[in-house]
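Notes for the one structure printed next.
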Amino acid sequence: MTVIIGMDPHKRSATIEALDPTGKVLATGRYTTDNAGYAEMLTAGEQFPDRIWAVEGCNGIGRHLAHRLVHDGEAVIDVPAKLSAQVRVFATGNGRKTDPVDAHSVALAALRAPNLRRVEADPELVALGMLADRRDELGRSRTETVCRLHRLLLELIPGGAKTFLSARQARELIAPITPSDAAARVRLRLVVELIEDLETIDRKTKATDKELRQLVTERGSTLMELHRIGPSSAARLLTDTGDIRRFRDQDRFASWNGTAPLDASSGDQQRHRLSRAVNRKINRVLHIMAIVQLRNRTPGRSTTTAAERAGRPRWKRSARSNDGSRT
C-alpha cells in the first residue's frame, strides 16, 4: 500500500499529511525546516515503508525540501500549485488557505492525478537552473538601472538619451556636461554611479553567459545550434523540461509548454487560443525563437544584416541609409 505524504512547504516550516490509497488521513504534522525539524519530519514519514512525498512547487518554494528528500533517497513528486489550488476548491468548497488544508490538497492531487513529474536532483541541471535564474535577475537589474539612468539623463540632456543605451554611450553623453548648481552636480554624480552599476552588471552577465555556454556544451546538448537560441535560453529549456522522455510524444510536450492551441469554440464560431496555464519562462523562450524564425521569411536566408556582417556596432545598426532603407 503506497502512502502519499502531501507537503505544504515554506521557508522555515512545512506541514505534511499522509493519505492511504482510499484517501484516509493517516498522519499529520508541522515541522521546522532546520536540521532538527527536518529529521523529525523524516522520522514521521519512515513509519510508512512504501511512501511517496508529494511536494508543492518543487521549482519554487518547495525546492529546498524536495532536493533534501531526494538526496536522502526518498521518492518525491512535484505537485503544481495550480493543481493543488483546484483540488482545494473542490475538496473544501471554497478557496480558503491554511497550511493543513494546503497539505491535504497536495496529497489529494498527488493521489488522483497521474503522470506527475518525479523530482530528480541532477547536480548539472541544478547548476544550470541556478545560473539561468541568475541570468534572468541580471537582465531585470540591467533594465531597472537603464530606466533610472534615462530618467536622470532626461534632466541633464534636452530630449534625453536613445532607448538602447550602453554604459560607454552614456559616458560619452555626459563627458561634455559641466554642472552649474548643486542639483546638477548631484544628478551628474548619480548618473556616474548608475553607469558604474551598469558596467558591473554587464561584466557579470558576460561571465554568467560564458559559464552557461560551457555547462550546456559539456552536457552534450545541441540546443544552441538552433537559430538564436543562446546559452541562457538553452539552460532554461534543459532545466525546466528535465527528462524529455517523460512526455509520451511531441503533442504532450507541446501541451505542457503552451504551444498547443486550445479549442475555445462557441456555437458556430470556431476559434483556438494558447493556454495561459503553462511554464511562462519556457513559453517566452519558444516565443522568441518563433519570432526570429518568422522574421526570416525567405527559406534558407540568413537573418544576419549587412550592418552585422560589416562589423558595425549594435547601437549603429538601426541607422537608415540615404535612400531610407534600414541597414
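Letters A, B, ... mark the chains of the C-alpha cells in the order given; residue numbers begin at 1 per chain; ligand numbers begin at 1, in order shown.
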**Asked** Got a sec to tell me which of range 49-202 of chain A DSSP assigns to helix (DSSP H, G or I), as an MDAnalysis selection string?
**Response** chainID A and resid 63:71 81:92 99:112 123:156 167:174 182:202
What are the nearest atom pairs, with distances in Å to one decimal, for all residues of range 163-212 of chain A that come at most 10 Å from range 108-131 of chain A, using only C-alpha atoms, set out by chain and rising residue number as a tab-separated table?
```
residue	atom	partner	partner_atom	distance
A:Thr208	CA	A:Leu131	CA	6.9
A:Asp209	CA	A:Leu131	CA	8.7
A:Glu211	CA	A:Leu131	CA	8.2
A:Leu212	CA	A:Leu128	CA	6.8
```
**Request:** Using only C-alpha atoms, determine which residues lie at most 9 Å from Leu26 in chain A, disregarding the query and same-chain residues fewer than 5 positions distant; provide the list as an NGL selection string.
**Result:** :A and (3 or 17-20)
**Request:** Enter the distance from CA of Gly62 in chain A to CA of Glu137 in chain A, in Å, rounded to one decimal.
**Result:** 19.9 Å
**Asked** Can you list, as a ChimeraX atom specification, every protein, DNA or RNA residue that comes within 6 Å of range 81-84 of chain A when you count only C-alpha atoms, leaving out same-chain residues fewer than 5 positions away?
**Response** /A:56-57,105-106,109
How about saving the chosen residues, C-alpha atoms kept, as a compact mmCIF listing (two decimals), in the first residue's frame?
```txt
# COMPACT_ATOMS: atom_id res chain seq x y z
CA GLU A 56 4.01 21.60 -3.84
CA GLY A 57 6.12 23.86 -6.07
CA SER A 105 -4.98 19.33 -1.15
CA VAL A 106 -1.43 18.48 -2.26
CA ALA A 109 -3.83 15.96 -6.03
```
**Request:** Using DSSP on the backbone coordinates, identify the residues of range 130-295 of chain A assigned to strand (DSSP E or B); present them as a list in words.
**Result:**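 Answer for range 130-295 of chain A restricted to strand (DSSP E or B) is Pro261, Leu262, Asp263, Ser266, Gln269, His272, Arg273 and Leu274 of chain A.
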**Asked** So how many Å separate CA of Asp8 in chain A and CA of Asp78 in chain A, to one decimal?
**Response** 11.5 Å
**Pick from A:Val55, A:Val216, A:Leu42, A:Val25 nearest to Ala234 in chain A, counting only C-alpha atoms** =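 Once distances to Ala234 in chain A are computed over only C-alpha atoms, the minimum belongs to A:Val216.
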**Asked** Pick the closest to Gly6 in chain A from A:Ile52, A:Ala75, A:Leu190, A:Leu262: which is it, counting only C-alpha atoms?
**Response**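 Between A:Ile52, A:Ala75, A:Leu190, A:Leu262, the residue approaching Gly6 in chain A most closely is A:Ile52.
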**Prompt:** Val192 in chain A: which residues within 9 Å, counting only C-alpha atoms, same-chain residues fewer than 5 positions away excluded, as an NGL selection string?
**Reply:** :A and (170-171 or 174 or 187 or 197)
**Message:** Quick one: residues within 12 Å of Pro179 in chain A, only C-alpha atoms, excluding same-chain residues fewer than 3 positions away - as a PyMOL selection string?
**Reply:** chain A and resi 155-157+174-176+182-189
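Neighbouring residues of Asp202 in chain A at 10 Å or closer, counting only C-alpha atoms and skipping chain neighbours under 2 positions away, are A:Leu138, A:Gly139, A:Arg142, A:Ser166, A:Ala167, A:Glu196, A:Asp197, A:Leu198, A:Glu199, A:Thr200, A:Lys204, A:Thr205, A:Lys206, A:Ala207, A:Thr208.
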**Prompt:** Quick one, how far is CA of Asp50 in chain A from CA of Pro21 in chain A?
**Reply:** 11.5 Å
